[in-house]
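One structure is given below, encoded as structure tokens.
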Amino acid sequence: MTQYFSLEFITMLTGFLLIVVGIWGMISQKNLIKIVIGFSLFDTGLNIVIVSLSYIKNSTAPIIDRAVDVSQAASKIADPVPQALVLTSIVIGLGVTALMLAYVLRLYREKKSLDINSYTDLKW
């Protein structure tokens with residue numbers, strides 16, 4: 001029974017739940033701030049899923065020294081690329097979120113509303 005509730009399973013489930021809640025927030029909400037929060041939740045969930053997919057049990061940092069022999073490096077060392085990609089994704093997500101919030105602030109100053117249905121200027 002405990003094998004189903006391992007740390008890997010819990011982190012993967014948490015990541016997928018954040019992705020689902022983020023997508024729901026982006027699609028169903030009418031408030032622009034809530035849409036930005038939904039995007040942020042989606043981005044965070046995606047990062048958690050990538051990190052949990054790249055996790056290898058009983059692995060060590062990618063440094064070859066006395067702790068890890070060169071012949072055992074392939075099986076004992078964790079791949080650093082997914083961690084670097086997630087770190088880059090966090091920085092890009094922060095920039096995109098800041099840009100979206102700047103757009104929301106500008107739209108609010110123009111129309112005095114955060115409701116997405118108030119913005120019909122570019123509709124066909």
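By order in the structure tokens, chains are A, B, ...; within a chain, residues start at 1; ligands start at 1, following the order shown.
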Output as a PyMOL selection string all residues of chain A that backbone DSSP marks as alpha helix (DSSP H). chain A and resi 7-28+32-53+73-76+81-111
Would you return as a list in words the members of chain A that DSSP assigns to strand (DSSP E or B) on this structure's backbone?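 Matching residues, listed in order: Asn31, Thr60, Ile77 and Asp115 of chain A.
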Show me, as a list in words, the residues that have an atom within 6 Å of stretch 31-33 of chain A when counting only C-alpha atoms, minus same-chain residues fewer than 2 positions from it.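 My reading of the contact set: Gln29, Ile35, Val36, Leu114 and Asp115 of chain A.
Distances from A:Thr60, A:Arg66, A:Val91, A:Ile50 to A:Ala78 were compared using only C-alpha atoms, and the smallest one belongs to A:Thr60.
Rounded to one decimal, atom CA of A:Val81 and atom CA of A:Ser6 lie 23.8 Å from each other.
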Taking into account only C-alpha atoms, which residue in the set A:Arg106, A:Lys111, A:Lys57, A:Lys30 is nearest to A:Ser75?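 Using only C-alpha atoms, A:Ser75 sits closest to A:Lys57.
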Using only C-alpha atoms, find the one residue out of A:Tyr119, A:Tyr108, A:Phe39, A:Tyr55 that sits nearest to A:Leu94.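 Counting only C-alpha atoms, the residue closest to A:Leu94 is A:Phe39.
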Do you know which residues are at most 12 Å from stretch 82-90 of chain A counting only C-alpha atoms, after dropping those on the same chain fewer than 5 positions away, and could you put them as a list of chain:residue names? A:Ser40, A:Leu41, A:Phe42, A:Asp43, A:Thr44, A:Gly45, A:Leu46, A:Asn47, A:Ile48, A:Val49, A:Ile50, A:Val51, A:Ser52, A:Leu53, A:Ser54, A:Tyr55, A:Ile56, A:Ala61, A:Pro62, A:Gly95, A:Val96, A:Thr97
To one decimal in Å, tell me the separation between atom CA of A:Ile63 and atom CA of A:Ile77.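 Atom-to-atom, atom CA of A:Ile63 and atom CA of A:Ile77 are spaced 7.8 Å apart.
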